[in-house]
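This is model10.cif. It holds mmCIF, N, CA and C atoms.
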```cif
data_input
#
loop_
_atom_site.label_atom_id
_atom_site.label_comp_id
_atom_site.auth_asym_id
_atom_site.auth_seq_id
_atom_site.Cartn_x
_atom_site.Cartn_y
_atom_site.Cartn_z
N MET A 1 16.65 41.51 35.61
CA MET A 1 16.07 40.22 35.85
C MET A 1 14.63 40.15 35.37
N SER A 2 13.88 41.23 35.62
CA SER A 2 12.48 41.23 35.20
C SER A 2 12.35 41.26 33.68
N ALA A 3 13.30 41.89 32.99
CA ALA A 3 13.27 41.89 31.52
C ALA A 3 13.49 40.49 30.98
N LEU A 4 14.39 39.75 31.58
CA LEU A 4 14.65 38.38 31.18
C LEU A 4 13.43 37.51 31.45
N LEU A 5 12.79 37.72 32.58
CA LEU A 5 11.60 36.97 32.94
C LEU A 5 10.47 37.26 31.96
N SER A 6 10.29 38.51 31.59
CA SER A 6 9.22 38.85 30.64
C SER A 6 9.51 38.26 29.26
N GLN A 7 10.77 38.21 28.85
CA GLN A 7 11.11 37.58 27.57
C GLN A 7 10.79 36.09 27.59
N VAL A 8 11.12 35.43 28.67
CA VAL A 8 10.84 34.01 28.80
C VAL A 8 9.33 33.77 28.77
N GLU A 9 8.56 34.61 29.46
CA GLU A 9 7.11 34.47 29.47
C GLU A 9 6.54 34.65 28.07
N GLU A 10 7.05 35.61 27.32
CA GLU A 10 6.58 35.82 25.95
C GLU A 10 6.89 34.62 25.06
N GLN A 11 8.08 34.07 25.22
CA GLN A 11 8.45 32.91 24.43
C GLN A 11 7.58 31.71 24.77
N VAL A 12 7.28 31.53 26.04
CA VAL A 12 6.42 30.42 26.46
C VAL A 12 5.02 30.61 25.90
N GLU A 13 4.48 31.83 25.95
CA GLU A 13 3.15 32.10 25.40
C GLU A 13 3.12 31.86 23.90
N THR A 14 4.15 32.28 23.22
CA THR A 14 4.23 32.06 21.77
C THR A 14 4.28 30.57 21.46
N ALA A 15 5.08 29.84 22.19
CA ALA A 15 5.19 28.40 21.98
C ALA A 15 3.87 27.70 22.28
N MET A 16 3.19 28.12 23.31
CA MET A 16 1.92 27.50 23.67
C MET A 16 0.84 27.80 22.64
N SER A 17 0.86 28.99 22.10
CA SER A 17 -0.17 29.34 21.11
C SER A 17 0.08 28.63 19.79
N ASN A 18 1.32 28.32 19.46
CA ASN A 18 1.63 27.63 18.21
C ASN A 18 1.56 26.11 18.32
N ALA A 19 1.56 25.57 19.52
CA ALA A 19 1.60 24.13 19.71
C ALA A 19 0.40 23.39 19.12
N PRO A 20 -0.84 23.79 19.37
CA PRO A 20 -1.95 23.05 18.80
C PRO A 20 -1.95 23.08 17.27
N HIS A 21 -1.53 24.19 16.70
CA HIS A 21 -1.50 24.30 15.25
C HIS A 21 -0.49 23.33 14.65
N SER A 22 0.70 23.26 15.24
CA SER A 22 1.71 22.36 14.71
C SER A 22 1.32 20.90 14.93
N GLN A 23 0.65 20.62 16.04
CA GLN A 23 0.20 19.25 16.27
C GLN A 23 -0.87 18.86 15.27
N ALA A 24 -1.73 19.79 14.90
CA ALA A 24 -2.76 19.50 13.91
C ALA A 24 -2.13 19.22 12.55
N LYS A 25 -1.07 19.97 12.20
CA LYS A 25 -0.38 19.72 10.94
C LYS A 25 0.26 18.34 10.94
N GLU A 26 0.88 17.96 12.06
CA GLU A 26 1.51 16.65 12.15
C GLU A 26 0.48 15.54 12.02
N LYS A 27 -0.67 15.71 12.67
CA LYS A 27 -1.71 14.69 12.59
C LYS A 27 -2.27 14.57 11.19
N SER A 28 -2.47 15.69 10.51
CA SER A 28 -3.01 15.62 9.16
C SER A 28 -2.01 15.00 8.20
N SER A 29 -0.72 15.25 8.38
CA SER A 29 0.27 14.62 7.51
C SER A 29 0.37 13.13 7.80
N GLU A 30 0.22 12.73 9.06
CA GLU A 30 0.22 11.31 9.40
C GLU A 30 -0.99 10.61 8.80
N LEU A 31 -2.15 11.27 8.83
CA LEU A 31 -3.35 10.68 8.26
C LEU A 31 -3.24 10.54 6.75
N SER A 32 -2.68 11.52 6.08
CA SER A 32 -2.55 11.42 4.63
C SER A 32 -1.55 10.33 4.25
N LEU A 33 -0.50 10.17 5.04
CA LEU A 33 0.46 9.10 4.78
C LEU A 33 -0.19 7.74 5.01
N LEU A 34 -0.95 7.62 6.08
CA LEU A 34 -1.64 6.37 6.37
C LEU A 34 -2.66 6.03 5.30
N SER A 35 -3.42 7.01 4.85
CA SER A 35 -4.42 6.73 3.83
C SER A 35 -3.76 6.36 2.51
N GLY A 36 -2.61 6.94 2.22
CA GLY A 36 -1.88 6.55 1.01
C GLY A 36 -1.42 5.11 1.06
N TRP A 37 -0.91 4.70 2.21
CA TRP A 37 -0.47 3.31 2.37
C TRP A 37 -1.66 2.35 2.29
N LEU A 38 -2.77 2.74 2.89
CA LEU A 38 -3.95 1.87 2.84
C LEU A 38 -4.45 1.70 1.42
N LEU A 39 -4.45 2.76 0.65
CA LEU A 39 -4.87 2.66 -0.75
C LEU A 39 -3.92 1.78 -1.54
N LEU A 40 -2.63 1.92 -1.32
CA LEU A 40 -1.66 1.09 -2.02
C LEU A 40 -1.82 -0.38 -1.67
N LEU A 41 -1.94 -0.68 -0.39
CA LEU A 41 -2.11 -2.07 0.03
C LEU A 41 -3.42 -2.66 -0.48
N GLY A 42 -4.47 -1.87 -0.47
CA GLY A 42 -5.74 -2.35 -1.01
C GLY A 42 -5.66 -2.65 -2.50
N ALA A 43 -4.98 -1.81 -3.24
CA ALA A 43 -4.83 -2.04 -4.68
C ALA A 43 -3.98 -3.28 -4.95
N LEU A 44 -2.91 -3.45 -4.18
CA LEU A 44 -2.07 -4.64 -4.36
C LEU A 44 -2.79 -5.92 -3.97
N THR A 45 -3.64 -5.85 -2.96
CA THR A 45 -4.40 -7.02 -2.55
C THR A 45 -5.42 -7.40 -3.61
N GLY A 46 -6.05 -6.44 -4.22
CA GLY A 46 -7.06 -6.72 -5.24
C GLY A 46 -6.49 -7.07 -6.60
N LEU A 47 -5.20 -6.85 -6.81
CA LEU A 47 -4.60 -7.09 -8.12
C LEU A 47 -4.54 -8.57 -8.48
N ALA A 48 -4.19 -9.43 -7.54
CA ALA A 48 -4.06 -10.86 -7.82
C ALA A 48 -5.39 -11.49 -8.25
N PRO A 49 -6.48 -11.32 -7.50
CA PRO A 49 -7.74 -11.92 -7.96
C PRO A 49 -8.22 -11.33 -9.29
N LEU A 50 -8.00 -10.05 -9.49
CA LEU A 50 -8.42 -9.43 -10.74
C LEU A 50 -7.64 -9.99 -11.92
N SER A 51 -6.35 -10.18 -11.75
CA SER A 51 -5.54 -10.71 -12.85
C SER A 51 -5.93 -12.15 -13.18
N ILE A 52 -6.23 -12.94 -12.17
CA ILE A 52 -6.65 -14.32 -12.42
C ILE A 52 -7.99 -14.34 -13.12
N ASP A 53 -8.93 -13.51 -12.69
CA ASP A 53 -10.25 -13.49 -13.32
C ASP A 53 -10.19 -13.04 -14.77
N MET A 54 -9.24 -12.19 -15.12
CA MET A 54 -9.11 -11.77 -16.52
C MET A 54 -8.34 -12.81 -17.33
N TYR A 55 -7.53 -13.59 -16.69
CA TYR A 55 -6.66 -14.55 -17.37
C TYR A 55 -7.39 -15.85 -17.71
N LEU A 56 -8.27 -16.32 -16.83
CA LEU A 56 -8.94 -17.61 -17.02
C LEU A 56 -9.74 -17.71 -18.32
N PRO A 57 -10.55 -16.73 -18.69
CA PRO A 57 -11.31 -16.86 -19.94
C PRO A 57 -10.44 -16.92 -21.20
N GLY A 58 -9.20 -16.49 -21.11
CA GLY A 58 -8.32 -16.49 -22.27
C GLY A 58 -7.57 -17.78 -22.50
N PHE A 59 -7.77 -18.79 -21.65
CA PHE A 59 -7.02 -20.04 -21.81
C PHE A 59 -7.19 -20.68 -23.19
N PRO A 60 -8.40 -20.84 -23.70
CA PRO A 60 -8.53 -21.46 -25.03
C PRO A 60 -7.82 -20.66 -26.13
N ALA A 61 -7.93 -19.35 -26.08
CA ALA A 61 -7.27 -18.52 -27.10
C ALA A 61 -5.75 -18.60 -26.97
N ILE A 62 -5.25 -18.66 -25.77
CA ILE A 62 -3.80 -18.78 -25.55
C ILE A 62 -3.30 -20.10 -26.11
N GLU A 63 -4.03 -21.19 -25.85
CA GLU A 63 -3.63 -22.50 -26.36
C GLU A 63 -3.65 -22.54 -27.89
N ARG A 64 -4.66 -21.93 -28.49
CA ARG A 64 -4.73 -21.91 -29.97
C ARG A 64 -3.61 -21.09 -30.57
N SER A 65 -3.34 -19.91 -29.99
CA SER A 65 -2.34 -19.03 -30.60
C SER A 65 -0.92 -19.56 -30.41
N LEU A 66 -0.67 -20.29 -29.34
CA LEU A 66 0.67 -20.84 -29.11
C LEU A 66 0.79 -22.30 -29.56
N LEU A 67 -0.27 -22.82 -30.21
CA LEU A 67 -0.31 -24.20 -30.69
C LEU A 67 -0.02 -25.19 -29.57
N GLY A 68 -0.60 -24.95 -28.44
CA GLY A 68 -0.40 -25.81 -27.27
C GLY A 68 -1.43 -26.92 -27.22
N LYS A 69 -1.13 -27.93 -26.44
CA LYS A 69 -2.06 -29.03 -26.23
C LYS A 69 -3.22 -28.55 -25.36
N PRO A 70 -4.38 -29.17 -25.48
CA PRO A 70 -5.50 -28.79 -24.61
C PRO A 70 -5.13 -28.99 -23.14
N GLY A 71 -5.37 -28.00 -22.35
CA GLY A 71 -5.06 -28.06 -20.93
C GLY A 71 -3.67 -27.56 -20.57
N SER A 72 -2.88 -27.19 -21.56
CA SER A 72 -1.51 -26.77 -21.27
C SER A 72 -1.44 -25.36 -20.67
N ALA A 73 -2.43 -24.55 -20.95
CA ALA A 73 -2.43 -23.19 -20.41
C ALA A 73 -2.67 -23.19 -18.90
N GLU A 74 -3.30 -24.26 -18.40
CA GLU A 74 -3.53 -24.34 -16.96
C GLU A 74 -2.23 -24.45 -16.17
N LEU A 75 -1.17 -24.95 -16.83
CA LEU A 75 0.12 -25.05 -16.15
C LEU A 75 0.66 -23.68 -15.79
N THR A 76 0.34 -22.67 -16.58
CA THR A 76 0.79 -21.32 -16.24
C THR A 76 0.10 -20.82 -14.99
N LEU A 77 -1.18 -21.17 -14.83
CA LEU A 77 -1.90 -20.78 -13.62
C LEU A 77 -1.36 -21.52 -12.40
N ALA A 78 -1.03 -22.80 -12.58
CA ALA A 78 -0.46 -23.57 -11.48
C ALA A 78 0.89 -22.98 -11.07
N SER A 79 1.70 -22.58 -12.03
CA SER A 79 3.01 -21.99 -11.69
C SER A 79 2.82 -20.64 -11.01
N TYR A 80 1.78 -19.91 -11.38
CA TYR A 80 1.47 -18.64 -10.71
C TYR A 80 1.16 -18.89 -9.24
N PHE A 81 0.31 -19.89 -8.97
CA PHE A 81 -0.05 -20.19 -7.58
C PHE A 81 1.15 -20.71 -6.78
N ILE A 82 2.02 -21.48 -7.41
CA ILE A 82 3.22 -21.95 -6.72
C ILE A 82 4.10 -20.75 -6.36
N GLY A 83 4.26 -19.83 -7.29
CA GLY A 83 5.03 -18.62 -7.02
C GLY A 83 4.43 -17.78 -5.91
N MET A 84 3.10 -17.66 -5.89
CA MET A 84 2.44 -16.92 -4.81
C MET A 84 2.64 -17.61 -3.46
N ALA A 85 2.59 -18.94 -3.45
CA ALA A 85 2.77 -19.68 -2.20
C ALA A 85 4.20 -19.52 -1.69
N LEU A 86 5.17 -19.59 -2.58
CA LEU A 86 6.56 -19.40 -2.16
C LEU A 86 6.80 -17.96 -1.68
N GLY A 87 6.17 -17.02 -2.33
CA GLY A 87 6.28 -15.63 -1.89
C GLY A 87 5.70 -15.43 -0.50
N GLN A 88 4.62 -16.14 -0.18
CA GLN A 88 4.03 -16.04 1.15
C GLN A 88 4.97 -16.61 2.22
N LEU A 89 5.72 -17.64 1.84
CA LEU A 89 6.65 -18.22 2.81
C LEU A 89 7.77 -17.23 3.17
N PHE A 90 8.23 -16.48 2.18
CA PHE A 90 9.35 -15.58 2.42
C PHE A 90 8.92 -14.20 2.93
N TYR A 91 7.84 -13.67 2.40
CA TYR A 91 7.45 -12.30 2.74
C TYR A 91 6.22 -12.20 3.61
N GLY A 92 5.47 -13.26 3.73
CA GLY A 92 4.28 -13.26 4.57
C GLY A 92 3.06 -12.76 3.83
N PRO A 93 1.90 -12.91 4.46
CA PRO A 93 0.65 -12.51 3.80
C PRO A 93 0.49 -11.01 3.65
#
```
For this file, produce the structure as structure tokens.
Amino acid sequence: MSALLSQVEEQVETAMSNAPHSQAKEKSSELSLLSGWLLLLGALTGLAPLSIDMYLPGFPAIERSLLGKPGSAELTLASYFIGMALGQLFYGP
């Protein structure tokens, strides 16, 4: 009986000594996963304004190269905003 008790005590001590280490590993993996998601969401959030800011100065060149009427390139921006609004209705902000 005492041999069984000593084995159980050793196993408990081993488990207790390894517990903080395994918890630290779990926390660090959770933090790296969270930081990865935050970086991805931040990049996706900044992509829309950046694309619009790069697109607006090219309107005159787009109209000339596609032989469009003056002001016709703005329709593409309007359709972009309509698509973004519909996407917000279905998927949320």
So the first atom is CA of Glu30 (chain A) and the second is atom N of Leu44 (chain A); what is the distance between them in Å, to one decimal place?
20.3 Å
One-decimal distance in Å that lies between CA of Leu56 (chain A) and atom N of Leu39 (chain A)
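Here the two named atoms are 27.3 Å from each other.
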Can you list every residue of region 38-63 of chain A that has an atom at most 8 Å from region 68-83 of chain A, with its nearest atom pair and the distance in Å to one decimal, using only N, CA and C atoms, ordered by chain then number, as CSV?
```
residue,atom,partner,partner_atom,distance
A:Gly58,C,A:Ala73,CA,7.7
A:Phe59,CA,A:Ala73,CA,5.7
A:Pro60,N,A:Ala73,CA,7.2
A:Ile62,C,A:Gly68,N,6.0
A:Glu63,C,A:Gly68,N,3.9
```
To one decimal place, how far is CA of Ala48 (chain A) from atom N of Ala85 (chain A) in Å?
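It comes out at 11.3 Å.
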